[in-house]
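Asks: Dumping the structure here so I can ask a few things about it.
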Amino acid sequence: MLALPNERSTKILSILLDQEEAITIKDLAEEFEVSARTIRSDLKKLEDVLNNDEIKLIKKPRVGVWLEVKPEYKNELKNELFSSESYKDPFSSETRQKYILKCLLQSENKYTMKSLGEELYVSRTTIYNDLEDVEKWLNKYDLILERKQNYGVEVKGEEKNWRRAVADLLAQFKDNQELKAMLEDVTDPTIIDSRIDNKTYQQLRELFKDINFRKIENILEQIERESDFVFTDEAFVGLVIHIAISLKRLIRGKDIKMEREQLNSLKETEEFEIAKVIAKSLEEELDVQIPEAELGYISLHILGSKVQQNIISKDINDVLENTDQKVIEIAKDIIYMAGDVLGVNLSEDEQLLLGLVLHLRPAINRLKYGMSLRNPILDEIKNNYPSIFGAAWATSIVFEKHLGIKVNEEEIGYIALHLGAALERNNNKIKVIVVCSSGIGTSQLVATRLRKRLAGIEIVDLISVHELKNRELEGVDIIVSTIPINDISKPLVQVSALLTEDDIKLIKSKINYLIKDKENQKLKLESVSDEIKELFDDELIYINLDLDSKEEIIRMLSTELLNRKLLDEGFIVSALEREKITSTAVGNEVAIPHGKESYVLNSKIAVATLAKPVKWGNEKVSIILLLALEKEKSKNFFRYFHRILDNKQVLEAIKRANTKEDIKNLLFKR
């Protein structure tokens with residue numbers, strides 16, 4: 001077995017074994033996005049390992065490098081490399097950028113492009129290109145990247161923005177497998193007893209070597225016991241990280257400021273009292289002084305944290321009585337609008353109202369104070385349930401209406417989860433009435449057996465034939481009866497009082513027919529209205545645009561609308577500002593950028609497909625629908641188009657379409 005010096009050397013050897021001719025050092029450097037010097041160093045190490053009677057590494061100036069190897073040994077080496085699985089591809093550009101951010105935000109020392117290149121085994125040109133994206137990421141937090149020749153690069157900006165950026169970066173470290181691998185090499189593999197998963201814990205220890213995380217956890221767990229509430233694991237980790245960042249910055253003499261009016265307002269809350277208890281324990285345990293402004297930010301974090309809730313055990317009336325009326329109004333507006341978009345009545349779902357109210361109480365605080373809560377399954381929600389995510393996105397105008405604030409996609413993702421659960425409850429239940437003539441005992445027996453054998457039904461009533469005649473049947477799907485019934489407007493299945501296997505098969509057959517019939521009825525209701533079609537003009541459909549960034553695309557499409565006097569000038573800036581708050585990518589390579597409604601003069605949608613996908617937030621996007629819509633037309637758009645977001649076949653066809661007519665036909669396809 002060859003003892004190769006590093007993973008990249010393994011890949012270089014694999015390339016050389018496949019080459020019939022010489023390959024230049026420049027080509028190898030470009031392949032691995034590293035410097036030519038790094039490749040020469042790798043080749044020297046390879047040469048020391050390989051040179052024997054069966055194989056030699058040959059290097060010739062202005063020609064390149066190649067192997068002289070006996071055929072039988074060449075095949076043996078290939079098989080050995082294939083089975084070793086020792087090589088991993090070089091880190092992606094996104095991972096390098098996050099690692100550079102970690103270096104710049106963690107260290108007080110200046111980094112040069114040369115030192116970053118050597119640390120990541122890439123050329124200075126590659127680092128220069130990476131820094132362009134690093135700077136864009138920092139700008140989202142109102143931080144700037146200062147670059148000085150022969151001096152280095154460093155991050156500049158307000159302390160509160162610095163901390164917010166670090167907290168979000170750490171959350172991204174947790175979700176990025178490459179970054180985990182990059183840090184795991186230098187961390188202690190010891191398993192610890194912690195609410196934080198072991199890998200994240202080890203990474204935090206590497207990033208904050210002088211912070212005792214276990215003591216912070218113990219303090220917070222003691223607070224949970226004394227205050228009779230439990231943070232969700234995500235919120236708990238977020239608060240630990242927030243405190244760790246604060247402690248590290250305090251140690252370096254970087255304290256944070258808070259406006260007096262905001263601090264005084266927070267002092268009136270219960271969360272500020274909890275923050276005082278946490279701060280006192282931190283001061284005693286870790287020998288630090290916690291300034292009053294730090295108390296304010298700890299209390300803000302608690303205000304914005306999700307608390308573990310058992311919805312089933314909660315009494316909705318008790319929760320609503322103890323909730324601000326504004327929160328309840330927002331929850332009800334979300335339910336109404338989402339139901340309207342999805343074509344489903346969700347207003348009777350008390351569990352949805354309860355879940356949203358409990359979620360919104362801390363969420364509104366997060367949004368008001370510019371805090372973020374990482375949604376660990378956001379990408380899964382967007383990719384697997386894009387129509388539900390689209391419906392949740394449509395409800396974002398509720399937050400602007402009630403609070404005058406924009407909502408980010410992390411919060412949209414959580415709302416989508418609540419809506420998805422409500423749809424499961426709504427869609428999967430066939431409403432059944434059980435009718436018997438021989439008393440309540442028989443009907444209860446039939447109902448019990450039905451529930452046991454058919455999980456997808458909801459028995460809404462047990463009644464007699466006489467009661468059935470006067471019963472309102474709106475919302476009922478099927479009648480199951482142990483006796484014959486005539487003149488009934490709903491589907492009927494007659495069964496024996498013992499509910500045999502044949503009875504079950506008959507009911508299943510009827511239910512399957514009902515489900516298909518419901519789907520067909522739904523399709524009929526989904527026909528595209530003239531109002532929707534009028535939003536699209538041939539002159540505002542663009543095929544295979546060759547643009548490189550979402551900013552270019554938004555400016556280009558908005559300018560086309562502006563030139564046709566469909567918008568006021570402020571629309572472009574508002575659309576770009578919207579993207580800084582959160583990406584408008586909604587999954588399946590689709591983005592729906594939009595600006596403020598107040599800048600829209602005449603509702604239209606500009607459509608574009610791209611020659612090559614562009615990065616849009618954390619996703620790649622190939623289809624863009626720029627929405628310039630007034631409120632009512634926005635709701636109508638989402639009501640229809642949320643279904644297209646789920647149809648990957650249609651979206652793929654749109655990407656491949658060569659004519660504007662094809663795109664319109666696909667958009668309006670039922």
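So you can find residues: chains in the structure tokens are A, B, ... in the order shown, residues in each start at 1, and ligands are numbered from 1 in order.
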Hey, what does DSSP flag as helix (DSSP H, G or I) within stretch 380-613 of chain A? Can you give it to me as a ChimeraX atom specification?

Replies: /A:380-384,386-394,396-403,409-427,440-453,465-469,501-525,530-533,538-540,550-563,570-581,597-599

Asks: Using only C-alpha atoms, determine which residues lie at most 6 Å from stretch 628-640 of chain A, disregarding the query and same-chain residues fewer than 4 positions distant; provide the list as a list in words.

Replies: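 Once the adjacent positions are removed, what remains is Val341, Leu342, Glu597, Val600, Ser603, Lys604 and Ile605 of chain A.
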
Asks: I need the residues from that last selection saved to file as a compact mmCIF listing (two decimals), in the first residue's frame (with N, CA and C atoms), if you can.

Replies:
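Contents of out.txt, as written:
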```txt
# COMPACT_ATOMS: atom_id res chain seq x y z
N VAL A 341 -55.03 31.01 -0.36
CA VAL A 341 -54.05 30.67 -1.39
C VAL A 341 -54.10 29.17 -1.71
N LEU A 342 -54.21 28.35 -0.69
CA LEU A 342 -54.18 26.89 -0.87
C LEU A 342 -55.54 26.31 -1.25
N GLU A 597 -45.24 47.19 -2.69
CA GLU A 597 -46.50 47.35 -3.43
C GLU A 597 -46.76 48.82 -3.77
N VAL A 600 -45.87 50.05 -7.24
CA VAL A 600 -46.47 49.40 -8.40
C VAL A 600 -47.57 50.28 -8.97
N SER A 603 -50.14 46.21 -12.19
CA SER A 603 -49.64 44.88 -11.82
C SER A 603 -49.20 44.07 -13.04
N LYS A 604 -47.95 43.61 -12.99
CA LYS A 604 -47.40 42.74 -14.03
C LYS A 604 -46.36 41.80 -13.42
N ILE A 605 -46.06 40.72 -14.14
CA ILE A 605 -45.02 39.78 -13.73
C ILE A 605 -44.05 39.61 -14.90
```

Asks: Given the choices A:Gly238, A:Pro71, A:Pro613, A:Gly587, which gets closest to A:Ile298 if the distance is worked out from only C-alpha atoms?

Replies: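 Among the listed residues, the smallest separation from A:Ile298 belongs to A:Gly238.
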
Asks: Please identify all polymer residues within 12 Å of A:Arg164, counting only C-alpha atoms, omitting same-chain residues fewer than 2 positions from it, and present them as a ChimeraX atom specification.

Replies: /A:105,138,140-143,157-162,166-171,238,241-243,245-246,256,297,301,369-373

Asks: Need the shell around A:Arg656: protein/DNA/RNA residues with any atom at most 12 Å away, counting only C-alpha atoms. Skip same-chain ones fewer than 3 positions apart. Format as a PyMOL selection string?

Replies: chain A and resi 543-544+608-612+622-623+649-653+659-660+662-663+666

Asks: A:Lys98: which residues within 8 Å, counting only C-alpha atoms, same-chain residues fewer than 2 positions away excluded, as a VMD selection string?

Replies: chain A and resid 94 to 96 100 to 102 134 169 173 179

Asks: Keeping N, CA and C atoms, export the residues of the selection given above as a compact mmCIF listing (two decimals), in the first residue's frame.

Replies:
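Okay, again.txt is ready:
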```
# COMPACT_ATOMS: atom_id res chain seq x y z
N GLU A 94 -17.73 27.91 -1.50
CA GLU A 94 -18.60 28.37 -0.40
C GLU A 94 -17.98 28.01 0.94
N THR A 95 -17.43 26.80 1.05
CA THR A 95 -16.81 26.38 2.31
C THR A 95 -15.57 27.21 2.60
N ARG A 96 -14.76 27.47 1.58
CA ARG A 96 -13.58 28.33 1.78
C ARG A 96 -14.01 29.70 2.29
N ILE A 100 -12.86 31.51 5.68
CA ILE A 100 -12.21 32.83 5.70
C ILE A 100 -12.93 33.75 6.67
N LEU A 101 -14.27 33.72 6.64
CA LEU A 101 -15.05 34.54 7.57
C LEU A 101 -14.74 34.17 9.01
N LYS A 102 -14.64 32.87 9.26
CA LYS A 102 -14.30 32.40 10.61
C LYS A 102 -12.96 32.98 11.05
N VAL A 134 -17.21 37.04 0.24
CA VAL A 134 -17.11 37.29 1.69
C VAL A 134 -17.60 38.70 2.01
N LEU A 169 -22.98 32.92 11.39
CA LEU A 169 -21.91 32.12 10.79
C LEU A 169 -21.76 30.79 11.52
N PHE A 173 -21.90 27.00 10.17
CA PHE A 173 -20.86 25.99 10.42
C PHE A 173 -21.50 24.68 10.83
N LEU A 179 -17.26 22.06 6.46
CA LEU A 179 -16.68 22.86 7.53
C LEU A 179 -16.49 22.03 8.79
```

Asks: Which residue, A:Arg147, A:Arg361, A:Arg425, A:Lys136, has the smallest gap to A:Met113 when you use only C-alpha atoms?

Replies: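 Using only C-alpha atoms, the shortest distance to A:Met113 belongs to A:Arg147.
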
Asks: Please list as a list in words every residue within 12 Å of A:Leu562, counting only C-alpha atoms and excluding residues in the same chain fewer than 3 positions away.

Replies: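 Residues meeting the cut-off are Leu540, Ile554, Arg555, Met556, Leu557, Ser558, Thr559, Lys565, Leu566, Leu567, Asp568, Glu569, Gly570, Phe571, Ile572, Tyr599, Val600, Leu601, Asn602, Ser603, Lys604, Ala606 and Ala628 of chain A.
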
Asks: Which is closest to A:Thr582 among A:Val495, A:Glu472, A:Asn512, A:Val407, if we use only C-alpha atoms?

Replies: A:Val407

Asks: Return as a count of residues only the full set of residues in stretch 421-511 of chain A whose backbone-based DSSP assignment is strand (DSSP E or B).

Replies: 20

Asks: Could you jot down the atom CA of A:Ile23 to atom CA of A:Trp66 separation for me, Å, one decimal place?

Replies: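 We find that atom CA of A:Ile23 and atom CA of A:Trp66 lie 6.7 Å from each other.
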